[in-house]
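K.L.:
Okay, handing you the structure first.
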Protein chains: 4
Amino acid sequence: MRMNGNSSSTSQRKRVRLRPEDRSRLILEAARVEFGANGFTDTRIEDIAARAGLTKTGVYAHYRGKDAIFEALLTEALKVAGVDSKVVWKPDGSESLEEMVDTYLDRLYRMVQNPVFTELFRLLLTESNRVPDLIRHWHEEVVIQYRAQEQALIDACVRAGLLRNSPLTKLFALSTAPAFLWLVSKLILRKDGEFPLDQVRQIHRAMLLDQLQPR
Amino acid sequence: MRMNGNSSSTSQRKRVRLRPEDRSRLILEAARVEFGANGFTDTRIEDIAARAGLTKTGVYAHYRGKDAIFEALLTEALKVAGVDSKVVWKPDGSESLEEMVDTYLDRLYRMVQNPVFTELFRLLLTESNRVPDLIRHWHEEVVIQYRAQEQALIDACVRAGLLRNSPLTKLFALSTAPAFLWLVSKLILRKDGEFPLDQVRQIHRAMLLDQLQPR
Amino acid sequence: MRMNGNSSSTSQRKRVRLRPEDRSRLILEAARVEFGANGFTDTRIEDIAARAGLTKTGVYAHYRGKDAIFEALLTEALKVAGVDSKVVWKPDGSESLEEMVDTYLDRLYRMVQNPVFTELFRLLLTESNRVPDLIRHWHEEVVIQYRAQEQALIDACVRAGLLRNSPLTKLFALSTAPAFLWLVSKLILRKDGEFPLDQVRQIHRAMLLDQLQPR
Amino acid sequence: MRMNGNSSSTSQRKRVRLRPEDRSRLILEAARVEFGANGFTDTRIEDIAARAGLTKTGVYAHYRGKDAIFEALLTEALKVAGVDSKVVWKPDGSESLEEMVDTYLDRLYRMVQNPVFTELFRLLLTESNRVPDLIRHWHEEVVIQYRAQEQALIDACVRAGLLRNSPLTKLFALSTAPAFLWLVSKLILRKDGEFPLDQVRQIHRAMLLDQLQPR
DNA sequence: AATGAATGAGAGTTCATTCAT
DNA sequence: TATGAATGAACTCTCATTCAT
């Protein structure tokens, strides 16, 4: 198109043809970044397309529309989020409490600092009403499962005397709370923000040990 | 895209004339609800207008535009949020630890259940990039102040032997974490969600006592 | 009205009550300036009102609406334009040709420099289609009459030997042409423009004398 | 306000795809007609679009907005107006004065009768304040140049004895005045108007010959 | 006569999506 | 698969005008 008037004519990208699965993946990645940064409505198909290396019309060769992209993105992201989750608590006494806590925090703090996770988290907070079924399904099939599995291991550790029977072990899901508080603060202030991450983690660690250490 | 169209709008309502301050307040309240539910972009001036009891044009008699409404809303909401914040820790030993903790949790859990706060919280997560100066100013002048004041009281209590010198008292801001984790979960799942609030609070209480109880 | 947000609160003019005819005149004068500068559509009732010293609603106490103001303005202006027009040619030889020409040019060049006339002229060029009947009536009853009267005097002067029977005396209306060409140029360039007025007038004078001087 | 609504628009015309340069040209032509007839503000994008054979949205594929169309239109029109201008005065005696004057008047009177020129002329009178830079540039680079060139030729003719050294030859730009007076009258009265064109031209011719004929 | 809140009818512009190539 | 012109449905904001005081 020739934009008459004042067009500073631009890059004039060549038409590049990729294999559908590659292009689809590029589009989803672009969508993750754009949706994550601007939310659903403020992201234009054109933004995603540009980031994925084609024009907006090209996107429609791969996805039925904006909603479809969003759904595919969340489906994919939530699947990955599930795969990532591995429970680290070992009731066999093969690792010390410190080791287990550090492994746990390593994973947790890597996660809350990972832009991919951060973007997904914001999307879930912002746009979960767009795909309620997806969210519900993910929650029931993935989150709940994971929680149950983790809680079972914790209970086993408690029974094995490796962990103390403390308030925290009653509802172990709360053990992530400080890390998420930090993340929320970062999302609102749009900068690393309020509390230094290292200090948060260090205190988080001390509290966990405090609560879990058998007496 | 708009999700829930409860626009079975009805009445050919007569022209009602209000005092500007009343109408302005109605508009801001309407804006809080609509922006909180749908976000900035997905809220139409017309939605706000209808909820405030006039037509969209009437809104422009009170605010210069959508941005102005949003800014006024956040300015107001953050001011109120600041006024609300009162520190409850008393270093004079006039109250027992249980009393102080319960007072603290009363306020905290009332807050995270209050729709006004919830809507503001989601807005901050979603749209804080629209008013960065506002957010920064609020954080610096209100939040930081409050945190410092609270931490000072905690330190005094510790010195007075009313609270134990535990990891938590080092960075007392983390003491809200479980409540916010619950709120985040609720925002994502769009229902009271994952953990029963009572159980969360009960465990939260036990952990606080555990961490704060002098030995 | 309190414009919440960022209103630099303004003059807060007192409510002043004038006699209807005074206010109406103020409104028409304001309308002339605003319409003349910006044209009909780009002039807002509010602009006129402000210039006339009241708020836009007040205008409706005096005129039925925008069209009515415009029509009243043109009616008035064209009436005045007619009254102004006095033919200066005297077939009785009581004045020399130079005197008559200079009187003629005095009036003509005063007119094309007069902002009131200029604004009317631009309005006629721009918006005459809004009030075709008015224009036609004015043209038939005023312009044509004036032209005929003038031409008759010229013819009498020619017969009396005071003016030469030249092309110009055949259609004396053309004798204003250079002045109007200057005015048109000024209107387009929005500055005094292309030709220095003095030079134009001087050459205009020489040409008139050339054409009218009996040989 | 819009005056003449010949919008008995009709056909559910199929989507027609044109080459960008063709469509752009159509849009500019449509813009010339609509702007020329109704002025900038009273012309709606939709009017231009309909006349150019597409819907208003389609226009935005070719021009950034209403201002851009206007600017492109004037840029183009003024360029063409410049190309048209060719000086006809020949100081080599190869043509008689009558021939030169007639050639000159042919072009001049064709111009003031040409709707394309007429529309441009009215636009310049009406809306020149919208594109002051454009106008100034055109005036300086085109009009002034042309005038200087023409005046130089006239001077040469005078020196060659082909033209008389009369007031008119001092500032030859005034030689178009009667034709423009006729045009202005036509624009105001919206009909061929006041003076019959033939008579004007005939007298114009006589005056030019009178002023230019060597004695 | 004058005010200011409120209204209805647009107008320009954006964007997801479709059509023809 | 990919493109770019074209479309229809919004949505923000403006303005002439009316209503109640």
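Residues are referred to by chain and number: the chain letter is A, B, ... according to the order shown in the structure tokens, the number counts from 1 in that chain, and ligands are numbered separately from 1 in the order shown.
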If you run DSSP on the backbone here, which positions in chain D get helix (DSSP H, G or I)? Please write them as a PyMOL selection string.

P.N.:
chain D and resi 20-38+45-52+56-59+66-84+97-113+115-130+132-159+167-170+172-189+197-212

K.L.:
Pair the Cα atoms of chain B and chain A in order, fit the first onto the second, and let me know the RMSD in Å.

P.N.:
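4.0 Å is the C-alpha RMSD between the two chains.
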
K.L.:
I need the contact residues of chain C against chain E, so if you could list those with any atom within 9 Å, counting only C-alpha atoms (C1' of nucleotides), and return them as JSON, numbers by chain, that would help.

P.N.:
{"C": [1, 15, 16, 17, 18, 19, 20, 54, 55, 57, 58, 61]}

K.L.:
What are the closest atom pairs, with distances in Å to one decimal, for each residue of chain C lying within 10 Å of chain F, using only C-alpha atoms (C1' of nucleotides), rows by chain and rising residue number, as a tab-separated table?

P.N.:
residue	atom	partner	partner_atom	distance
C:Arg44	CA	F:DC15	C1'	7.4
C:Ile45	CA	F:DA16	C1'	7.7
C:Glu46	CA	F:DC15	C1'	9.3
C:Lys56	CA	F:DA16	C1'	9.9
C:Thr57	CA	F:DT17	C1'	8.7
C:Tyr60	CA	F:DT17	C1'	8.9
C:Arg64	CA	F:DT17	C1'	9.9
C:Gly65	CA	F:DA16	C1'	8.0
C:Lys66	CA	F:DA16	C1'	7.8

K.L.:
Select, from B:His62, B:Arg164, B:His204, B:Arg32, the residue with the minimum atom-to-atom distance to chain C, counting only C-alpha atoms.

P.N.:
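Among the listed residues, B:His62 lies closest to chain C.
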
K.L.:
When you draw a straight line from atom CA of D:Pro132 to atom CA of C:Leu189, how long is it in Å?

P.N.:
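Interatomic distance, atom CA of D:Pro132 to atom CA of C:Leu189: 8.0 Å.
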
K.L.:
Kindly determine which residues of chain A lie within 10 Å of chain B, considering only C-alpha atoms, and give the answer as a PDB file with N, CA and C atoms, in the first residue's frame.

P.N.:
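The resulting file, selection-v2.pdb, is reproduced below:
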ATOM      1  N   ALA A  37       1.972  -7.803  27.769  1.00  0.00           N
ATOM      2  CA  ALA A  37       2.347  -6.412  28.037  1.00  0.00           C
ATOM      3  C   ALA A  37       1.143  -5.487  28.032  1.00  0.00           C
ATOM      4  N   ASN A  38       0.205  -5.724  27.121  1.00  0.00           N
ATOM      5  CA  ASN A  38      -0.864  -4.743  26.921  1.00  0.00           C
ATOM      6  C   ASN A  38      -2.263  -5.256  27.220  1.00  0.00           C
ATOM      7  N   GLY A  39      -2.374  -6.534  27.513  1.00  0.00           N
ATOM      8  CA  GLY A  39      -3.709  -7.070  27.725  1.00  0.00           C
ATOM      9  C   GLY A  39      -4.376  -7.431  26.411  1.00  0.00           C
ATOM     10  N   PHE A  40      -5.505  -8.084  26.535  1.00  0.00           N
ATOM     11  CA  PHE A  40      -6.166  -8.597  25.340  1.00  0.00           C
ATOM     12  C   PHE A  40      -6.625  -7.482  24.413  1.00  0.00           C
ATOM     13  N   THR A  41      -7.411  -6.584  24.936  1.00  0.00           N
ATOM     14  CA  THR A  41      -8.045  -5.610  24.050  1.00  0.00           C
ATOM     15  C   THR A  41      -7.049  -4.623  23.474  1.00  0.00           C
ATOM     16  N   ASP A  42      -6.073  -4.258  24.245  1.00  0.00           N
ATOM     17  CA  ASP A  42      -5.124  -3.262  23.759  1.00  0.00           C
ATOM     18  C   ASP A  42      -4.050  -3.854  22.851  1.00  0.00           C
ATOM     19  N   ASP A  67      -9.592 -14.295  19.422  1.00  0.00           N
ATOM     20  CA  ASP A  67      -9.954 -15.181  20.528  1.00  0.00           C
ATOM     21  C   ASP A  67      -9.222 -16.513  20.428  1.00  0.00           C
ATOM     22  N   PHE A 121       0.924 -14.773  34.313  1.00  0.00           N
ATOM     23  CA  PHE A 121       0.274 -14.442  35.580  1.00  0.00           C
ATOM     24  C   PHE A 121      -0.580 -13.194  35.427  1.00  0.00           C
ATOM     25  N   ARG A 122      -0.021 -12.191  34.792  1.00  0.00           N
ATOM     26  CA  ARG A 122      -0.817 -10.972  34.612  1.00  0.00           C
ATOM     27  C   ARG A 122      -2.032 -11.248  33.736  1.00  0.00           C
ATOM     28  N   LEU A 123      -1.831 -12.008  32.691  1.00  0.00           N
ATOM     29  CA  LEU A 123      -2.967 -12.357  31.834  1.00  0.00           C
ATOM     30  C   LEU A 123      -4.057 -13.063  32.624  1.00  0.00           C
ATOM     31  N   LEU A 124      -3.651 -13.983  33.464  1.00  0.00           N
ATOM     32  CA  LEU A 124      -4.648 -14.704  34.243  1.00  0.00           C
ATOM     33  C   LEU A 124      -5.422 -13.748  35.150  1.00  0.00           C
ATOM     34  N   LEU A 125      -4.701 -12.810  35.718  1.00  0.00           N
ATOM     35  CA  LEU A 125      -5.375 -11.854  36.594  1.00  0.00           C
ATOM     36  C   LEU A 125      -6.315 -10.951  35.815  1.00  0.00           C
ATOM     37  N   THR A 126      -5.891 -10.594  34.633  1.00  0.00           N
ATOM     38  CA  THR A 126      -6.584  -9.574  33.875  1.00  0.00           C
ATOM     39  C   THR A 126      -7.730 -10.126  33.050  1.00  0.00           C
ATOM     40  N   GLU A 127      -7.464 -11.221  32.394  1.00  0.00           N
ATOM     41  CA  GLU A 127      -8.359 -11.656  31.329  1.00  0.00           C
ATOM     42  C   GLU A 127      -8.973 -13.019  31.576  1.00  0.00           C
ATOM     43  N   SER A 128      -8.893 -13.485  32.810  1.00  0.00           N
ATOM     44  CA  SER A 128      -9.366 -14.849  33.026  1.00  0.00           C
ATOM     45  C   SER A 128     -10.850 -14.986  32.695  1.00  0.00           C
ATOM     46  N   ASN A 129     -11.565 -13.889  32.740  1.00  0.00           N
ATOM     47  CA  ASN A 129     -12.994 -14.006  32.439  1.00  0.00           C
ATOM     48  C   ASN A 129     -13.271 -14.299  30.970  1.00  0.00           C
ATOM     49  N   ARG A 130     -12.256 -14.152  30.127  1.00  0.00           N
ATOM     50  CA  ARG A 130     -12.464 -14.443  28.710  1.00  0.00           C
ATOM     51  C   ARG A 130     -12.507 -15.936  28.422  1.00  0.00           C
ATOM     52  N   PRO A 132     -13.191 -18.695  30.847  1.00  0.00           N
ATOM     53  CA  PRO A 132     -13.455 -19.278  32.171  1.00  0.00           C
ATOM     54  C   PRO A 132     -13.352 -20.804  32.160  1.00  0.00           C
ATOM     55  N   ILE A 135      -9.747 -21.866  32.275  1.00  0.00           N
ATOM     56  CA  ILE A 135      -9.176 -21.642  33.591  1.00  0.00           C
ATOM     57  C   ILE A 135      -9.665 -22.707  34.573  1.00  0.00           C
ATOM     58  N   ARG A 136     -10.961 -22.923  34.542  1.00  0.00           N
ATOM     59  CA  ARG A 136     -11.515 -23.887  35.470  1.00  0.00           C
ATOM     60  C   ARG A 136     -10.917 -25.284  35.229  1.00  0.00           C
ATOM     61  N   HIS A 139      -7.417 -25.345  36.410  1.00  0.00           N
ATOM     62  CA  HIS A 139      -7.343 -25.357  37.861  1.00  0.00           C
ATOM     63  C   HIS A 139      -7.676 -26.734  38.414  1.00  0.00           C
ATOM     64  N   GLU A 140      -8.725 -27.306  37.874  1.00  0.00           N
ATOM     65  CA  GLU A 140      -9.156 -28.595  38.416  1.00  0.00           C
ATOM     66  C   GLU A 140      -8.185 -29.729  38.080  1.00  0.00           C
ATOM     67  N   VAL A 143      -3.834 -27.662  38.752  1.00  0.00           N
ATOM     68  CA  VAL A 143      -3.470 -27.035  40.014  1.00  0.00           C
ATOM     69  C   VAL A 143      -3.880 -27.911  41.188  1.00  0.00           C
ATOM     70  N   ILE A 144      -5.132 -28.270  41.185  1.00  0.00           N
ATOM     71  CA  ILE A 144      -5.627 -29.072  42.304  1.00  0.00           C
ATOM     72  C   ILE A 144      -4.812 -30.367  42.440  1.00  0.00           C
ATOM     73  N   SER A 166       3.298 -28.082  61.732  1.00  0.00           N
ATOM     74  CA  SER A 166       3.083 -26.673  62.058  1.00  0.00           C
ATOM     75  C   SER A 166       1.848 -26.156  61.319  1.00  0.00           C
ATOM     76  N   PRO A 167       1.409 -24.937  61.630  1.00  0.00           N
ATOM     77  CA  PRO A 167       0.296 -24.377  60.860  1.00  0.00           C
ATOM     78  C   PRO A 167       0.548 -24.476  59.362  1.00  0.00           C
ATOM     79  N   LEU A 168       1.746 -24.159  58.922  1.00  0.00           N
ATOM     80  CA  LEU A 168       2.039 -24.152  57.492  1.00  0.00           C
ATOM     81  C   LEU A 168       1.819 -25.511  56.838  1.00  0.00           C
ATOM     82  N   THR A 169       2.196 -26.578  57.529  1.00  0.00           N
ATOM     83  CA  THR A 169       2.034 -27.891  56.901  1.00  0.00           C
ATOM     84  C   THR A 169       0.565 -28.290  56.795  1.00  0.00           C
ATOM     85  N   LYS A 170      -0.287 -27.580  57.466  1.00  0.00           N
ATOM     86  CA  LYS A 170      -1.724 -27.853  57.332  1.00  0.00           C
ATOM     87  C   LYS A 170      -2.245 -27.432  55.955  1.00  0.00           C
ATOM     88  N   LEU A 171      -1.710 -26.347  55.437  1.00  0.00           N
ATOM     89  CA  LEU A 171      -2.152 -25.853  54.129  1.00  0.00           C
ATOM     90  C   LEU A 171      -0.898 -25.335  53.436  1.00  0.00           C
ATOM     91  N   ALA A 173       0.042 -24.893  50.562  1.00  0.00           N
ATOM     92  CA  ALA A 173      -0.030 -23.977  49.421  1.00  0.00           C
ATOM     93  C   ALA A 173       0.360 -22.555  49.819  1.00  0.00           C
ATOM     94  N   LEU A 174       0.143 -22.235  51.077  1.00  0.00           N
ATOM     95  CA  LEU A 174       0.479 -20.876  51.517  1.00  0.00           C
ATOM     96  C   LEU A 174       1.986 -20.613  51.533  1.00  0.00           C
ATOM     97  N   SER A 175       2.750 -21.651  51.355  1.00  0.00           N
ATOM     98  CA  SER A 175       4.192 -21.482  51.480  1.00  0.00           C
ATOM     99  C   SER A 175       4.797 -20.621  50.374  1.00  0.00           C
ATOM    100  N   THR A 176       4.027 -20.380  49.304  1.00  0.00           N
ATOM    101  CA  THR A 176       4.560 -19.528  48.230  1.00  0.00           C
ATOM    102  C   THR A 176       4.256 -18.055  48.464  1.00  0.00           C
ATOM    103  N   ALA A 177       3.462 -17.763  49.461  1.00  0.00           N
ATOM    104  CA  ALA A 177       2.872 -16.424  49.579  1.00  0.00           C
ATOM    105  C   ALA A 177       3.872 -15.269  49.486  1.00  0.00           C
ATOM    106  N   PRO A 178       4.986 -15.271  50.209  1.00  0.00           N
ATOM    107  CA  PRO A 178       5.885 -14.112  50.114  1.00  0.00           C
ATOM    108  C   PRO A 178       6.392 -13.860  48.698  1.00  0.00           C
ATOM    109  N   ALA A 179       6.697 -14.908  47.980  1.00  0.00           N
ATOM    110  CA  ALA A 179       7.183 -14.721  46.611  1.00  0.00           C
ATOM    111  C   ALA A 179       6.118 -14.072  45.734  1.00  0.00           C
ATOM    112  N   PHE A 180       4.872 -14.491  45.932  1.00  0.00           N
ATOM    113  CA  PHE A 180       3.812 -13.892  45.120  1.00  0.00           C
ATOM    114  C   PHE A 180       3.516 -12.463  45.546  1.00  0.00           C
ATOM    115  N   LEU A 181       3.663 -12.193  46.815  1.00  0.00           N
ATOM    116  CA  LEU A 181       3.478 -10.810  47.246  1.00  0.00           C
ATOM    117  C   LEU A 181       4.507  -9.916  46.561  1.00  0.00           C
ATOM    118  N   TRP A 182       5.733 -10.424  46.489  1.00  0.00           N
ATOM    119  CA  TRP A 182       6.759  -9.658  45.790  1.00  0.00           C
ATOM    120  C   TRP A 182       6.381  -9.454  44.320  1.00  0.00           C
ATOM    121  N   VAL A 184       3.419  -9.482  42.889  1.00  0.00           N
ATOM    122  CA  VAL A 184       2.296  -8.554  42.759  1.00  0.00           C
ATOM    123  C   VAL A 184       2.788  -7.118  42.887  1.00  0.00           C
ATOM    124  N   SER A 185       3.619  -6.899  43.851  1.00  0.00           N
ATOM    125  CA  SER A 185       4.165  -5.556  44.026  1.00  0.00           C
ATOM    126  C   SER A 185       4.919  -5.112  42.783  1.00  0.00           C
ATOM    127  N   LYS A 186       5.671  -6.034  42.223  1.00  0.00           N
ATOM    128  CA  LYS A 186       6.419  -5.694  41.015  1.00  0.00           C
ATOM    129  C   LYS A 186       5.484  -5.395  39.838  1.00  0.00           C
ATOM    130  N   LEU A 187       4.433  -6.162  39.734  1.00  0.00           N
ATOM    131  CA  LEU A 187       3.504  -5.941  38.625  1.00  0.00           C
ATOM    132  C   LEU A 187       2.827  -4.574  38.750  1.00  0.00           C
ATOM    133  N   ILE A 188       2.514  -4.185  39.941  1.00  0.00           N
ATOM    134  CA  ILE A 188       1.833  -2.901  40.123  1.00  0.00           C
ATOM    135  C   ILE A 188       2.796  -1.734  39.923  1.00  0.00           C
ATOM    136  N   LEU A 189       3.961  -1.844  40.519  1.00  0.00           N
ATOM    137  CA  LEU A 189       4.893  -0.716  40.431  1.00  0.00           C
ATOM    138  C   LEU A 189       5.667  -0.705  39.124  1.00  0.00           C
ATOM    139  N   ARG A 190       5.577  -1.798  38.380  1.00  0.00           N
ATOM    140  CA  ARG A 190       6.261  -1.889  37.087  1.00  0.00           C
ATOM    141  C   ARG A 190       7.763  -1.681  37.221  1.00  0.00           C
ATOM    142  N   GLU A 194       9.413  -2.703  45.364  1.00  0.00           N
ATOM    143  CA  GLU A 194       9.265  -2.338  46.752  1.00  0.00           C
ATOM    144  C   GLU A 194      10.326  -2.972  47.639  1.00  0.00           C
ATOM    145  N   PHE A 195      10.398  -4.278  47.607  1.00  0.00           N
ATOM    146  CA  PHE A 195      11.350  -4.975  48.471  1.00  0.00           C
ATOM    147  C   PHE A 195      12.431  -5.612  47.609  1.00  0.00           C
ATOM    148  N   GLN A 199      16.382 -10.027  49.860  1.00  0.00           N
ATOM    149  CA  GLN A 199      15.949  -9.973  51.243  1.00  0.00           C
ATOM    150  C   GLN A 199      14.660 -10.762  51.445  1.00  0.00           C
ATOM    151  N   VAL A 200      13.762 -10.592  50.507  1.00  0.00           N
ATOM    152  CA  VAL A 200      12.499 -11.339  50.609  1.00  0.00           C
ATOM    153  C   VAL A 200      12.785 -12.835  50.671  1.00  0.00           C
ATOM    154  N   GLN A 202      15.470 -14.406  51.461  1.00  0.00           N
ATOM    155  CA  GLN A 202      16.217 -14.811  52.666  1.00  0.00           C
ATOM    156  C   GLN A 202      15.275 -14.948  53.864  1.00  0.00           C
ATOM    157  N   ILE A 203      14.383 -13.972  53.997  1.00  0.00           N
ATOM    158  CA  ILE A 203      13.438 -14.032  55.114  1.00  0.00           C
ATOM    159  C   ILE A 203      12.428 -15.154  54.899  1.00  0.00           C
ATOM    160  N   HIS A 204      12.016 -15.286  53.642  1.00  0.00           N
ATOM    161  CA  HIS A 204      11.119 -16.372  53.273  1.00  0.00           C
ATOM    162  C   HIS A 204      11.730 -17.709  53.714  1.00  0.00           C
ATOM    163  N   ARG A 205      13.015 -17.865  53.407  1.00  0.00           N
ATOM    164  CA  ARG A 205      13.727 -19.096  53.759  1.00  0.00           C
ATOM    165  C   ARG A 205      13.736 -19.306  55.273  1.00  0.00           C
ATOM    166  N   ALA A 206      14.054 -18.249  55.965  1.00  0.00           N
ATOM    167  CA  ALA A 206      14.116 -18.380  57.428  1.00  0.00           C
ATOM    168  C   ALA A 206      12.765 -18.772  58.001  1.00  0.00           C
ATOM    169  N   MET A 207      11.710 -18.163  57.445  1.00  0.00           N
ATOM    170  CA  MET A 207      10.380 -18.492  57.959  1.00  0.00           C
ATOM    171  C   MET A 207      10.010 -19.934  57.659  1.00  0.00           C
ATOM    172  N   LEU A 208      10.312 -20.365  56.460  1.00  0.00           N
ATOM    173  CA  LEU A 208       9.998 -21.755  56.122  1.00  0.00           C
ATOM    174  C   LEU A 208      10.737 -22.710  57.065  1.00  0.00           C
ATOM    175  N   ASP A 210      11.881 -22.112  59.986  1.00  0.00           N
ATOM    176  CA  ASP A 210      11.255 -21.941  61.297  1.00  0.00           C
ATOM    177  C   ASP A 210      10.010 -22.797  61.438  1.00  0.00           C
ATOM    178  N   GLN A 211       9.201 -22.772  60.401  1.00  0.00           N
ATOM    179  CA  GLN A 211       7.916 -23.453  60.469  1.00  0.00           C
ATOM    180  C   GLN A 211       8.050 -24.964  60.251  1.00  0.00           C
TER     181      GLN A 211
END

K.L.:
Quick one, how far is atom CA of B:Trp89 from atom CA of B:Ile154?

P.N.:
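A separation of 6.8 Å between them.
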
K.L.:
Report as a PyMOL selection string all protein, DNA and RNA residues lying within 9 Å of D:Thr118, evaluated on only C-alpha atoms (C1' of nucleotides), omitting residues in the same chain fewer than 6 positions from it.

P.N.:
chain D and resi 36+111-112+183+187

K.L.:
Using the selection just defined, write its residues with C-alpha atoms as an mmCIF file, in the first residue's frame.

P.N.:
data_model
loop_
_atom_site.group_PDB
_atom_site.id
_atom_site.type_symbol
_atom_site.label_atom_id
_atom_site.label_comp_id
_atom_site.auth_asym_id
_atom_site.auth_seq_id
_atom_site.Cartn_x
_atom_site.Cartn_y
_atom_site.Cartn_z
ATOM 1 C CA GLY D 36 -14.752 22.624 -3.290
ATOM 2 C CA MET D 111 -9.264 29.047 -16.459
ATOM 3 C CA VAL D 112 -11.871 31.070 -14.603
ATOM 4 C CA LEU D 183 -15.290 34.932 -11.028
ATOM 5 C CA LEU D 187 -18.861 32.495 -6.681
#

K.L.:
Which neighbours of D:Val33 fall inside 9 Å, counting only C-alpha atoms (C1' of nucleotides), when residues of the same chain fewer than 2 positions from it are skipped, and could you give them as an MDAnalysis selection string?

P.N.:
chainID D and resid 28:31 35:38 48 115:116 119
